[in-house]
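Colleague: So that you have it, the file is query.txt, and it contains compact mmCIF, C-alpha atoms:
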```
# COMPACT_ATOMS: atom_id res chain seq x y z
CA MET A 133 -108.25 -17.22 140.74
CA GLU A 134 -107.79 -18.22 137.14
CA VAL A 135 -105.50 -16.02 135.04
CA CYS A 136 -106.32 -17.26 131.58
CA GLY A 137 -109.21 -16.08 129.43
CA GLY A 138 -109.56 -19.64 128.10
CA HIS A 139 -110.14 -20.89 131.65
CA THR A 140 -112.68 -18.11 132.33
CA THR A 141 -114.60 -19.19 129.22
CA SER A 142 -114.48 -22.92 130.10
CA ILE A 143 -115.49 -22.29 133.72
CA HIS A 144 -118.67 -20.47 132.73
CA LYS A 145 -119.41 -22.51 129.61
CA PHE A 146 -119.46 -25.69 131.70
CA GLY A 147 -121.31 -24.01 134.58
CA ILE A 148 -118.60 -24.95 137.07
CA PRO A 149 -119.42 -22.24 139.68
CA SER A 150 -122.92 -23.78 140.00
CA LEU A 151 -121.35 -27.13 140.95
CA LEU A 152 -119.19 -25.74 143.72
CA PRO A 153 -120.10 -25.34 147.39
CA ASP A 154 -120.63 -21.78 148.67
CA ASN A 155 -117.20 -21.60 150.27
CA ILE A 156 -115.36 -22.01 146.95
CA LYS A 157 -115.46 -18.91 144.79
CA LEU A 158 -113.71 -18.53 141.45
CA LEU A 159 -112.34 -15.13 140.46
CA SER A 160 -111.11 -14.11 137.03
CA GLY A 161 -107.76 -12.35 136.90
CA PRO A 162 -105.89 -10.43 134.17
CA GLY A 163 -105.67 -13.39 131.79
CA CYS A 164 -107.15 -11.92 128.65
CA PRO A 165 -104.49 -10.10 126.58
CA VAL A 166 -107.07 -7.96 124.76
CA CYS A 167 -108.47 -6.80 128.11
CA VAL A 168 -105.15 -5.73 129.61
CA THR A 169 -103.80 -4.02 126.48
CA SER A 170 -103.76 -0.22 126.54
CA ARG A 171 -106.22 1.69 124.37
CA TYR A 172 -103.19 3.59 123.13
CA PHE A 173 -101.80 0.41 121.62
CA ILE A 174 -104.92 0.30 119.43
CA ASP A 175 -104.36 4.00 118.67
CA ASP A 176 -100.81 3.12 117.59
CA ALA A 177 -102.10 0.35 115.34
CA LEU A 178 -104.66 2.78 113.88
CA GLU A 179 -101.95 5.41 113.34
CA CYS A 180 -99.90 2.73 111.62
CA SER A 181 -102.78 1.77 109.32
CA ARG A 182 -103.08 5.40 108.19
CA THR A 183 -99.48 5.49 107.00
CA GLU A 184 -98.91 5.17 103.26
CA ASN A 185 -98.25 1.79 101.68
CA ILE A 186 -99.24 -0.17 104.75
CA ILE A 187 -101.17 -3.38 105.04
CA LEU A 188 -102.15 -3.94 108.66
CA THR A 189 -102.74 -7.62 109.40
CA THR A 190 -104.35 -8.63 112.66
CA LEU A 191 -105.80 -11.59 114.49
CA GLY A 192 -109.59 -11.34 114.78
CA ASP A 193 -109.36 -10.70 118.55
CA LEU A 194 -108.22 -7.09 118.05
CA ILE A 195 -110.43 -5.92 115.22
CA ARG A 196 -113.35 -4.57 117.30
CA VAL A 197 -111.38 -3.30 120.29
CA PRO A 198 -111.94 0.46 120.64
CA GLY A 199 -108.98 2.80 120.80
CA THR A 200 -109.46 6.31 122.15
CA GLU A 201 -111.71 7.30 119.28
CA THR A 202 -112.20 4.49 116.79
CA SER A 203 -111.40 0.81 116.10
CA LEU A 204 -109.61 -1.14 113.37
CA TYR A 205 -113.00 -2.45 112.24
CA LYS A 206 -114.35 1.08 111.72
CA GLU A 207 -111.15 2.18 109.97
CA LYS A 208 -111.36 -0.83 107.67
CA SER A 209 -114.88 0.22 106.68
CA LYS A 210 -113.41 3.60 105.72
CA GLY A 211 -111.15 1.85 103.22
CA ARG A 212 -107.89 1.25 105.11
CA ASP A 213 -106.09 -1.94 104.10
CA ILE A 214 -106.65 -3.89 107.32
CA ARG A 215 -106.83 -7.66 106.97
CA ILE A 216 -107.79 -10.33 109.48
CA VAL A 217 -105.38 -13.25 109.48
CA TYR A 218 -105.54 -16.61 111.21
CA SER A 219 -101.82 -16.67 111.98
CA VAL A 220 -98.73 -14.49 111.80
CA LEU A 221 -97.67 -16.98 109.08
CA ASP A 222 -100.40 -15.48 106.88
CA ALA A 223 -98.96 -12.02 107.56
CA LEU A 224 -95.55 -13.30 106.38
CA GLN A 225 -97.14 -14.65 103.19
CA ILE A 226 -98.84 -11.28 102.56
CA ALA A 227 -95.43 -9.63 103.00
CA LYS A 228 -93.90 -12.01 100.44
CA ASP A 229 -96.72 -11.32 97.96
CA ASN A 230 -96.64 -7.53 98.42
CA LYS A 231 -93.00 -6.48 98.34
CA ASP A 232 -93.94 -2.86 97.55
CA LYS A 233 -95.97 -2.55 100.79
CA LYS A 234 -95.07 -2.57 104.45
CA ILE A 235 -96.85 -5.29 106.40
CA VAL A 236 -97.53 -4.67 110.10
CA PHE A 237 -98.71 -7.31 112.55
CA PRO A 238 -99.79 -6.14 116.03
CA GLY A 239 -98.41 -8.77 118.40
CA ILE A 240 -100.37 -9.10 121.61
CA GLY A 241 -100.60 -12.03 124.00
CA PHE A 242 -98.58 -13.77 126.65
CA GLU A 243 -95.87 -16.43 126.53
CA THR A 244 -98.08 -18.67 124.35
CA THR A 245 -98.18 -16.18 121.51
CA ALA A 246 -94.87 -14.31 121.84
CA PRO A 247 -92.74 -17.23 120.47
CA LEU A 248 -94.88 -17.17 117.31
CA SER A 249 -94.06 -13.51 116.71
CA ALA A 250 -90.40 -14.35 117.43
CA ALA A 251 -90.43 -17.26 114.97
CA ALA A 252 -91.98 -15.01 112.31
CA ILE A 253 -89.31 -12.34 112.81
CA LEU A 254 -86.54 -14.95 112.65
CA GLN A 255 -88.07 -16.39 109.48
CA ALA A 256 -88.31 -12.91 107.93
CA LYS A 257 -84.67 -12.30 108.80
CA GLU A 258 -83.52 -15.64 107.39
CA THR A 259 -85.37 -15.15 104.13
CA GLY A 260 -84.39 -11.47 103.74
CA LEU A 261 -87.96 -10.22 104.03
CA ASP A 262 -87.52 -6.51 104.83
CA ASN A 263 -91.14 -5.31 104.63
CA PHE A 264 -92.50 -7.17 107.68
CA TYR A 265 -92.94 -5.42 111.04
CA ILE A 266 -94.28 -6.33 114.47
CA LEU A 267 -96.01 -3.86 116.79
CA SER A 268 -95.31 -5.62 120.06
CA ALA A 269 -97.44 -5.45 123.19
CA HIS A 270 -96.49 -8.96 124.29
CA LYS A 271 -96.53 -9.52 128.01
CA ILE A 272 -95.49 -12.19 130.50
CA MET A 273 -97.57 -13.63 133.34
CA PRO A 274 -95.53 -14.10 136.55
CA PRO A 275 -94.96 -10.36 137.33
CA VAL A 276 -98.69 -9.55 137.18
CA MET A 277 -99.58 -12.60 139.27
CA LYS A 278 -97.19 -11.35 141.95
CA ALA A 279 -98.37 -7.73 141.58
CA LEU A 280 -101.94 -8.76 142.37
CA ILE A 281 -100.91 -10.49 145.57
CA THR A 282 -98.87 -7.47 146.61
CA GLU A 283 -101.87 -5.25 145.93
CA GLY A 284 -103.89 -7.35 148.36
CA VAL A 285 -106.26 -9.45 146.29
CA LYS A 286 -107.86 -12.03 148.59
CA ILE A 287 -107.22 -15.38 146.95
CA ASN A 288 -106.17 -18.78 148.28
CA GLY A 289 -104.58 -20.15 145.11
CA TYR A 290 -103.96 -19.72 141.42
CA ILE A 291 -105.31 -21.88 138.59
CA CYS A 292 -102.31 -21.28 136.33
CA PRO A 293 -102.64 -20.77 132.56
CA GLY A 294 -102.27 -24.07 130.69
CA HIS A 295 -100.98 -22.91 127.33
CA VAL A 296 -98.65 -20.26 128.73
CA SER A 297 -97.16 -23.12 130.77
CA VAL A 298 -96.82 -25.31 127.66
CA ILE A 299 -94.17 -22.82 126.57
CA THR A 300 -92.66 -21.71 129.89
CA GLY A 301 -92.85 -24.93 131.90
CA THR A 302 -94.15 -25.02 135.45
CA GLU A 303 -91.12 -23.55 137.23
CA ILE A 304 -92.10 -19.93 136.55
CA TYR A 305 -94.68 -20.17 139.36
CA LYS A 306 -92.22 -21.55 141.92
CA SER A 307 -91.51 -18.17 143.49
CA ILE A 308 -95.24 -17.49 143.93
CA VAL A 309 -95.51 -20.63 146.04
CA GLU A 310 -92.27 -19.97 147.94
CA ASP A 311 -92.46 -16.20 148.46
CA TYR A 312 -96.20 -15.73 148.86
CA LYS A 313 -97.22 -19.18 150.21
CA LEU A 314 -99.93 -19.47 147.60
CA GLY A 315 -100.79 -22.75 145.84
CA CYS A 316 -100.43 -22.92 142.05
CA VAL A 317 -101.99 -25.63 139.87
CA VAL A 318 -101.40 -25.63 136.11
CA SER A 319 -104.70 -26.68 134.54
CA GLY A 320 -106.11 -28.01 131.29
CA PHE A 321 -109.27 -26.61 129.74
CA GLU A 322 -111.86 -29.40 129.83
CA ALA A 323 -114.55 -29.28 132.53
CA LEU A 324 -113.01 -32.19 134.42
CA ASP A 325 -109.50 -30.71 134.07
CA ILE A 326 -110.71 -27.60 135.86
CA LEU A 327 -112.63 -29.54 138.52
CA GLN A 328 -109.55 -31.65 139.18
CA SER A 329 -107.40 -28.52 139.50
CA ILE A 330 -109.86 -27.01 141.99
CA TYR A 331 -109.77 -30.30 143.93
CA MET A 332 -105.95 -30.20 143.98
CA LEU A 333 -105.97 -26.61 145.30
CA VAL A 334 -108.60 -27.46 147.95
CA ASN A 335 -106.43 -30.37 149.11
CA GLN A 336 -103.44 -28.03 149.43
CA ILE A 337 -105.49 -25.49 151.38
CA GLU A 338 -106.94 -28.12 153.73
CA LYS A 339 -103.49 -29.48 154.48
CA ASN A 340 -102.11 -25.95 154.68
CA GLN A 341 -99.38 -26.96 152.25
CA PRO A 342 -99.24 -24.58 149.28
CA ALA A 343 -97.48 -26.30 146.41
CA LEU A 344 -96.78 -26.13 142.70
CA GLU A 345 -98.69 -28.92 140.93
CA ASN A 346 -99.37 -29.76 137.31
CA GLN A 347 -102.78 -31.13 136.35
CA TYR A 348 -102.22 -30.63 132.59
CA THR A 349 -99.48 -33.25 132.32
CA ARG A 350 -100.44 -34.33 128.81
CA ALA A 351 -99.22 -31.01 127.43
CA VAL A 352 -97.17 -29.22 130.08
CA LYS A 353 -93.66 -30.27 131.05
CA LYS A 354 -91.53 -28.96 133.89
CA LYS A 355 -89.09 -27.25 131.54
CA GLY A 356 -91.68 -26.22 128.92
CA ASN A 357 -90.96 -25.94 125.20
CA LYS A 358 -87.23 -25.16 125.10
CA LYS A 359 -87.15 -24.45 121.37
CA ALA A 360 -90.00 -21.90 121.60
CA LEU A 361 -88.49 -20.32 124.73
CA ALA A 362 -85.09 -19.98 123.01
CA MET A 363 -86.69 -18.19 120.05
CA MET A 364 -88.67 -15.89 122.33
CA ASN A 365 -85.56 -15.02 124.36
CA ARG A 366 -83.49 -14.52 121.21
CA VAL A 367 -85.85 -11.88 119.80
CA PHE A 368 -87.41 -10.25 122.88
CA GLU A 369 -86.18 -8.78 126.14
CA THR A 370 -88.27 -7.89 129.16
CA SER A 371 -89.23 -4.28 129.75
CA ASP A 372 -91.63 -2.36 131.98
CA ASP A 373 -95.14 -2.51 130.63
CA TRP A 374 -98.50 -0.93 131.31
CA TRP A 375 -101.50 -3.15 132.14
CA ARG A 376 -105.00 -1.81 131.82
CA GLY A 377 -106.61 -1.43 135.23
CA ILE A 378 -103.37 -2.27 137.01
CA GLY A 379 -100.73 0.20 135.83
CA THR A 380 -97.04 -0.20 135.07
CA ILE A 381 -95.46 -3.47 136.19
CA PRO A 382 -91.65 -3.67 136.03
CA GLY A 383 -90.29 -6.37 133.72
CA SER A 384 -93.73 -7.54 132.59
CA GLY A 385 -93.53 -6.65 128.89
CA LEU A 386 -91.58 -7.96 125.92
CA SER A 387 -89.76 -5.54 123.61
CA LEU A 388 -87.71 -6.34 120.53
CA LYS A 389 -83.98 -6.55 121.19
CA SER A 390 -81.87 -3.92 119.41
CA GLU A 391 -80.63 -6.57 116.94
CA PHE A 392 -84.21 -6.87 115.67
CA LYS A 393 -85.17 -3.18 115.74
CA SER A 394 -85.50 -3.16 111.95
CA PHE A 395 -88.63 -5.30 112.43
CA ASP A 396 -90.15 -2.90 114.97
CA ALA A 397 -93.27 -1.22 113.53
CA ARG A 398 -92.69 1.76 115.83
CA GLN A 399 -89.93 2.99 113.50
CA ILE A 400 -92.19 3.32 110.43
CA PHE A 401 -94.72 5.69 111.98
CA ASN A 402 -94.62 8.19 114.81
CA PRO A 403 -96.19 6.80 117.94
CA VAL A 404 -97.47 9.62 120.11
CA GLU A 405 -96.33 9.63 123.72
CA ARG A 406 -99.34 9.76 125.97
CA THR A 407 -100.20 9.20 129.55
CA GLU A 408 -102.86 6.63 130.15
CA SER A 409 -106.28 8.13 130.84
CA GLU A 410 -108.97 6.96 133.23
CA GLU A 411 -111.44 4.25 132.26
CA GLU A 412 -114.81 5.26 130.83
CA LYS A 413 -117.09 6.70 133.50
CA GLY A 414 -118.78 3.97 135.51
CA CYS A 415 -116.67 1.15 134.01
CA ILE A 416 -115.03 -1.07 136.63
CA CYS A 417 -112.95 -3.21 134.23
CA GLY A 418 -109.79 -2.40 136.17
CA LYS A 419 -111.20 -3.73 139.42
CA ILE A 420 -112.65 -6.80 137.66
CA LEU A 421 -109.26 -7.59 136.09
CA LYS A 422 -107.70 -7.49 139.55
CA GLY A 423 -110.34 -9.74 141.09
CA PHE A 424 -111.65 -7.03 143.45
CA LYS A 425 -115.03 -6.95 141.68
CA THR A 426 -117.08 -9.20 139.40
CA PRO A 427 -119.23 -8.15 136.43
CA ALA A 428 -122.27 -8.45 138.74
CA ASP A 429 -120.94 -5.43 140.68
CA CYS A 430 -120.88 -3.19 137.59
CA PRO A 431 -123.81 -0.79 137.13
CA LEU A 432 -123.24 -0.74 133.34
CA PHE A 433 -123.18 -4.52 132.87
CA SER A 434 -125.78 -5.81 130.39
CA HIS A 435 -127.56 -2.44 130.32
CA LEU A 436 -125.23 0.22 128.94
CA CYS A 437 -122.38 -2.22 128.29
CA THR A 438 -123.14 -5.19 126.02
CA PRO A 439 -121.08 -7.17 123.47
CA VAL A 440 -122.68 -5.10 120.66
CA ASN A 441 -121.91 -1.79 122.41
CA PRO A 442 -119.06 -2.57 124.78
CA VAL A 443 -117.87 0.15 127.16
CA GLY A 444 -114.91 -1.68 128.67
CA ALA A 445 -112.32 -4.10 127.34
CA CYS A 446 -113.67 -6.99 129.43
CA MET A 447 -116.85 -6.85 127.32
CA VAL A 448 -115.08 -6.40 123.96
CA SER A 449 -112.98 -9.51 124.07
CA GLY A 450 -114.91 -12.76 123.66
CA GLU A 451 -112.96 -14.25 126.55
CA GLY A 452 -113.17 -11.20 128.81
CA SER A 453 -114.96 -11.70 132.15
CA CYS A 454 -117.89 -9.46 131.23
CA ALA A 455 -118.46 -10.96 127.76
CA THR A 456 -118.29 -14.47 129.28
CA TRP A 457 -120.75 -13.57 132.04
CA TYR A 458 -123.02 -11.93 129.48
CA LYS A 459 -123.02 -15.04 127.33
CA TYR A 460 -123.43 -17.68 130.02
CA LYS A 461 -124.91 -16.19 133.16
CA ARG A 462 -126.45 -12.75 132.67
CA GLU A 463 -129.82 -14.01 133.92
CA ALA A 464 -128.17 -14.71 137.25
CA VAL A 465 -126.92 -11.12 137.64
CA MET B 271 -106.34 -15.73 122.92
CA CYS B 272 -104.09 -18.52 124.18
CA LEU B 273 -106.54 -21.04 122.77
CA SER B 274 -104.81 -24.16 121.50
CA ILE B 275 -106.41 -27.26 120.07
CA PRO B 276 -105.13 -30.81 119.61
CA ALA B 277 -104.50 -31.89 116.03
CA GLU B 278 -103.25 -35.09 114.43
CA ILE B 279 -100.29 -34.89 112.07
CA ILE B 280 -101.26 -36.25 108.66
CA SER B 281 -98.15 -35.39 106.65
CA ILE B 282 -94.98 -33.32 107.01
CA THR B 283 -93.25 -31.22 104.35
CA GLY B 284 -90.21 -29.34 105.63
CA ASP B 285 -91.28 -27.02 108.48
CA MET B 286 -94.98 -27.39 107.69
CA ALA B 287 -97.41 -30.15 108.56
CA LYS B 288 -100.85 -30.99 107.30
CA VAL B 289 -102.93 -31.59 110.42
CA SER B 290 -106.45 -32.83 111.11
CA VAL B 291 -108.64 -31.31 113.82
CA GLY B 292 -111.50 -33.78 114.05
CA GLY B 293 -111.42 -34.18 110.26
CA THR B 294 -110.92 -30.51 109.36
CA MET B 295 -107.57 -30.01 107.64
CA TYR B 296 -105.16 -27.19 108.48
CA ASN B 297 -101.58 -26.35 107.65
CA ALA B 298 -99.46 -25.70 110.71
CA SER B 299 -95.82 -24.83 111.25
CA ILE B 300 -93.80 -27.37 113.24
CA LYS B 301 -90.88 -24.97 113.70
CA LEU B 302 -91.44 -24.68 117.45
CA VAL B 303 -91.74 -28.40 118.24
CA GLU B 304 -89.15 -31.14 118.35
CA ASP B 305 -89.37 -34.83 117.57
CA ILE B 306 -92.77 -34.74 115.89
CA ASN B 307 -93.92 -37.43 113.45
CA VAL B 308 -96.90 -38.43 111.34
CA GLY B 309 -99.59 -39.91 113.62
CA ASP B 310 -98.54 -37.80 116.64
CA PHE B 311 -100.95 -35.34 118.22
CA MET B 312 -99.81 -31.79 118.86
CA LEU B 313 -101.39 -28.66 120.27
CA ILE B 314 -101.73 -25.97 117.62
CA HIS B 315 -101.99 -22.30 118.46
CA SER B 316 -102.57 -19.71 115.76
CA GLY B 317 -100.95 -21.72 112.98
CA TYR B 318 -98.01 -23.12 114.96
CA GLY B 319 -97.60 -26.42 116.76
CA ILE B 320 -96.54 -25.55 120.32
CA ALA B 321 -96.35 -28.97 122.01
CA LYS B 322 -96.47 -32.65 121.28
CA ILE B 323 -99.23 -34.27 123.34
CA ASP B 324 -97.90 -36.96 125.61
CA GLU B 325 -99.97 -40.05 124.73
CA ALA B 326 -99.38 -41.89 128.00
CA GLU B 327 -100.28 -38.82 130.08
CA ALA B 328 -103.34 -38.12 127.90
CA ASN B 329 -104.54 -41.69 128.39
CA SER B 330 -104.03 -41.55 132.13
CA THR B 331 -106.06 -38.30 132.32
CA LEU B 332 -108.79 -39.80 130.10
CA ASN B 333 -108.92 -42.89 132.34
CA LEU B 334 -109.20 -40.70 135.42
CA MET B 335 -112.01 -38.73 133.79
CA GLN B 336 -113.82 -41.98 132.90
CA GLU B 337 -113.47 -43.06 136.52
CA ILE B 338 -114.99 -39.78 137.75
CA LYS B 339 -117.86 -40.14 135.25
CA LYS B 340 -118.50 -43.74 136.39
CA LYS B 341 -118.55 -42.64 140.05
CA MET B 342 -120.95 -39.82 139.18
CA TYR B 343 -123.35 -42.19 137.45
CA GLN B 344 -123.15 -44.73 140.29
CA LYS B 345 -124.48 -42.19 142.74
CA ASP B 346 -128.24 -41.74 142.70
CA TYR B 347 -128.90 -38.03 142.26
CA SER B 348 -132.65 -38.38 141.75
CA LYS B 349 -133.44 -37.77 145.42
CA GLU B 350 -131.32 -34.61 145.47
CA LEU B 351 -133.09 -33.41 142.36
CA ASP B 352 -136.50 -34.01 143.96
CA ASN B 353 -135.51 -31.76 146.80
```
Translate this file's structure into structure tokens.
Modeller:
Amino acid sequence: MEVCGGHTTSIHKFGIPSLLPDNIKLLSGPGCPVCVTSRYFIDDALECSRTENIILTTLGDLIRVPGTETSLYKEKSKGRDIRIVYSVLDALQIAKDNKDKKIVFPGIGFETTAPLSAAAILQAKETGLDNFYILSAHKIMPPVMKALITEGVKINGYICPGHVSVITGTEIYKSIVEDYKLGCVVSGFEALDILQSIYMLVNQIEKNQPALENQYTRAVKKKGNKKALAMMNRVFETSDDWWRGIGTIPGSGLSLKSEFKSFDARQIFNPVERTESEEEKGCICGKILKGFKTPADCPLFSHLCTPVNPVGACMVSGEGSCATWYKYKREAV
Amino acid sequence: MCLSIPAEIISITGDMAKVSVGGTMYNASIKLVEDINVGDFMLIHSGYGIAKIDEAEANSTLNLMQEIKKKMYQKDYSKELDN
């Protein structure tokens, strides 16, 4: 199982499943942050954008994701000041240029992206920028990887996320190998990187010796990026978090520490407490995210659910399983 | 979302670097990386450098990939294709 949306995209873009023998099957796990983020997070961002004197800045990934009723894209067309930025650095610049407005940046993503939000908050603090806020839904990978095994997903090894590991180092997967006897190979994103990682996992399985190995040695070090980790740990602390299709996983989210609460967007509007509702009728995103089903098993796939009219999150995000299947292999379904 | 791409450092001014991604120029923060110099390659993710690319390791992977490609081309697949 791969647990990175970038890997899912590469695997299907390069047609890797078609090169593999029948007894090797690749499953996509919960590796796309857009896909696992609650619809209520989008509702919170929308609520935020409706507050006075707000500029909501967002990465392009989130703009089309539907909340319970609408999306940032639709709200923007109604005249809300919602701007797509390339980086949180652009959001900081907008904050500097618009001192009379409050600038909110919805922070989603795993360990790759969380240090960037942390660096932005630290920079805002250093430079006395008091109109910049983060709406955090950052998450971390190891708890969900363990949760899936506990829930009984039938896999023989993990292709571990390359750019998460650039930050964290390889050691975060050690307990998966030791406690669950499941092989973990950190992989790069080129076709041959992925083939080599599969080869490494197959070798482990044949020898019955699950191990932690690093294929992506040109970028990933054992200890990771210490500077980025230090910033992330300075600003964030782990908390329980809700994953779409999976539920609440203890210690899997990142919340701002109390020292940085003044940068928390949740204090400038009133987030509504809600309990998470069921998925849209017929949508099996939850089961796909857990590796129990593939898009081919979904009755809505490519008929009622398409990238133009997505029903579930896995079709909304460009690197979601369903969108990737739709783009590269819908004829085969 | 965790997409990162390799970029070459062209110049450095304070915490920011001008980088080239196959000839396209970007500005990226180097706040999260240590020991980075002009001419180095680093992975950039959403405006920030997140890792210096290890040249020796990159070359050894490239060599390995070349070896795989050579082996693939040595094998005659035409018969398999006919079938």
Colleague: So which residues touch B:Ile320 within 7 Å, counting only C-alpha atoms, skipping near sequence neighbours fewer than 5 positions away, as a short mmCIF file (atom, residue, chain, number, x, y, z; two decimals) with C-alpha atoms, in the frame of the given file?
Modeller:
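Everything below was put into selection.cif:
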```cif
data_model
loop_
_atom_site.label_atom_id
_atom_site.label_comp_id
_atom_site.auth_asym_id
_atom_site.auth_seq_id
_atom_site.Cartn_x
_atom_site.Cartn_y
_atom_site.Cartn_z
CA LEU B 302 -91.44 -24.68 117.45
CA VAL B 303 -91.74 -28.40 118.24
CA LEU B 313 -101.39 -28.66 120.27
CA ILE B 314 -101.73 -25.97 117.62
CA HIS B 315 -101.99 -22.30 118.46
#
```
Colleague: Would you please work out which residue, of B:Thr331, B:Ser316, B:Ser299, B:Gln336, is nearest to B:Met286 when using all atoms listed in the file?
Modeller: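 Going through B:Thr331, B:Ser316, B:Ser299, B:Gln336 one by one, the smallest distance to B:Met286 is for B:Ser299.
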Colleague: Within 12 Å of (-105.3, -34.9, 114.4), in the coordinates the file gives, what residues turn up when you count all atoms listed in the file, written out as JSON, numbers by chain?
Modeller: {"B": [275, 276, 277, 278, 279, 280, 281, 287, 288, 289, 290, 291, 292, 293, 294, 295, 296, 297, 298, 307, 308, 309, 310, 311, 312, 313, 314, 319, 322, 323]}
Colleague: Just give me the gap between atom CA of A:Ala428 and atom CA of A:Lys461 in Å, one decimal is fine.
Modeller: 9.9 Å
Colleague: For stretch 205-210 of chain A, work out the shell of residues within 12 Å, counting all atoms listed in the file and skipping chain neighbours fewer than 6 positions away, then give it as a list in words.
Modeller: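 The residues that qualify are Ile174, Asp175, Ala177, Leu178, Glu179, Cys180, Ser181, Arg182, Ile187, Leu188, Thr189, Thr190, Leu191, Gly192, Asp193, Leu194, Ile195, Arg196, Val197, Pro198, Gly199 and Ile216 of chain A.
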Colleague: Enter the distance from atom CA of A:Leu158 to atom CA of A:Ile272, in Å, rounded to one decimal.
Modeller: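 Atom-to-atom, atom CA of A:Leu158 to atom CA of A:Ile272, that is 22.2 Å.
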Colleague: Of the candidates B:Lys340, B:Thr283, B:Ile306, B:Cys272, which one gets nearest to B:Asp324 if we count all atoms listed in the file?
Modeller: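 Using all atoms listed in the file, the shortest distance to B:Asp324 belongs to B:Ile306.
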Colleague: Compute the set of chain A residues within 7 Å of chain B, using all atoms listed in the file, and express it as a compact mmCIF listing (two decimals) with C-alpha atoms, in the frame of the given file.
Modeller:
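Everything below was put into result_38.txt:
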```txt
# COMPACT_ATOMS: atom_id res chain seq x y z
CA GLY A 138 -109.56 -19.64 128.10
CA CYS A 164 -107.15 -11.92 128.65
CA PRO A 165 -104.49 -10.10 126.58
CA TYR A 218 -105.54 -16.61 111.21
CA SER A 219 -101.82 -16.67 111.98
CA LEU A 221 -97.67 -16.98 109.08
CA GLY A 241 -100.60 -12.03 124.00
CA THR A 244 -98.08 -18.67 124.35
CA THR A 245 -98.18 -16.18 121.51
CA HIS A 295 -100.98 -22.91 127.33
CA VAL A 298 -96.82 -25.31 127.66
CA LEU A 324 -113.01 -32.19 134.42
CA THR A 349 -99.48 -33.25 132.32
CA ARG A 350 -100.44 -34.33 128.81
CA ALA A 351 -99.22 -31.01 127.43
CA ASN A 357 -90.96 -25.94 125.20
CA LYS A 359 -87.15 -24.45 121.37
CA ALA A 360 -90.00 -21.90 121.60
```
Colleague: Excluding A:Ser434 and any residue of its chain fewer than 2 positions from it, enumerate the residues within 9 Å of it, using all atoms listed in the file, and give them as a PDB file with C-alpha atoms, keeping the file's coordinate frame.
Modeller:
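Below you can see out-v8.pdb, which holds the result:
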```pdb
ATOM      1  CA  PRO A 431    -123.810  -0.790 137.130  1.00  0.00           C
ATOM      2  CA  LEU A 432    -123.240  -0.740 133.340  1.00  0.00           C
ATOM      3  CA  LEU A 436    -125.230   0.220 128.940  1.00  0.00           C
ATOM      4  CA  CYS A 437    -122.380  -2.220 128.290  1.00  0.00           C
ATOM      5  CA  THR A 438    -123.140  -5.190 126.020  1.00  0.00           C
ATOM      6  CA  PRO A 439    -121.080  -7.170 123.470  1.00  0.00           C
ATOM      7  CA  CYS A 454    -117.890  -9.460 131.230  1.00  0.00           C
ATOM      8  CA  TYR A 458    -123.020 -11.930 129.480  1.00  0.00           C
ATOM      9  CA  ARG A 462    -126.450 -12.750 132.670  1.00  0.00           C
TER      10      ARG A 462
END
```
Colleague: What does the distance between atom CA of A:Val276 and atom CA of A:Pro247 come to in Å, to one decimal place?
Modeller: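 Atom CA of A:Pro247 lies 19.3 Å from atom CA of A:Val276.
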Colleague: Could you tell me which of A:His139, A:Lys422, A:Lys353, A:Lys393 comes closest to A:Ile281 if we count all atoms listed in the file?
Modeller: A:Lys422
Colleague: For a cutoff of 10 Å around the file-coordinate point (-92.1, -15.7, 141.0), which residues qualify once you count only C-alpha atoms? I'd like the result as a PDB file with C-alpha atoms, keeping the file's coordinate frame.
Modeller:
```
ATOM      1  CA  MET A 273     -97.570 -13.630 133.340  1.00  0.00           C
ATOM      2  CA  PRO A 274     -95.530 -14.100 136.550  1.00  0.00           C
ATOM      3  CA  PRO A 275     -94.960 -10.360 137.330  1.00  0.00           C
ATOM      4  CA  VAL A 276     -98.690  -9.550 137.180  1.00  0.00           C
ATOM      5  CA  MET A 277     -99.580 -12.600 139.270  1.00  0.00           C
ATOM      6  CA  LYS A 278     -97.190 -11.350 141.950  1.00  0.00           C
ATOM      7  CA  GLU A 303     -91.120 -23.550 137.230  1.00  0.00           C
ATOM      8  CA  ILE A 304     -92.100 -19.930 136.550  1.00  0.00           C
ATOM      9  CA  TYR A 305     -94.680 -20.170 139.360  1.00  0.00           C
ATOM     10  CA  LYS A 306     -92.220 -21.550 141.920  1.00  0.00           C
ATOM     11  CA  SER A 307     -91.510 -18.170 143.490  1.00  0.00           C
ATOM     12  CA  ILE A 308     -95.240 -17.490 143.930  1.00  0.00           C
ATOM     13  CA  VAL A 309     -95.510 -20.630 146.040  1.00  0.00           C
ATOM     14  CA  GLU A 310     -92.270 -19.970 147.940  1.00  0.00           C
ATOM     15  CA  ASP A 311     -92.460 -16.200 148.460  1.00  0.00           C
ATOM     16  CA  TYR A 312     -96.200 -15.730 148.860  1.00  0.00           C
TER      17      TYR A 312
END
```
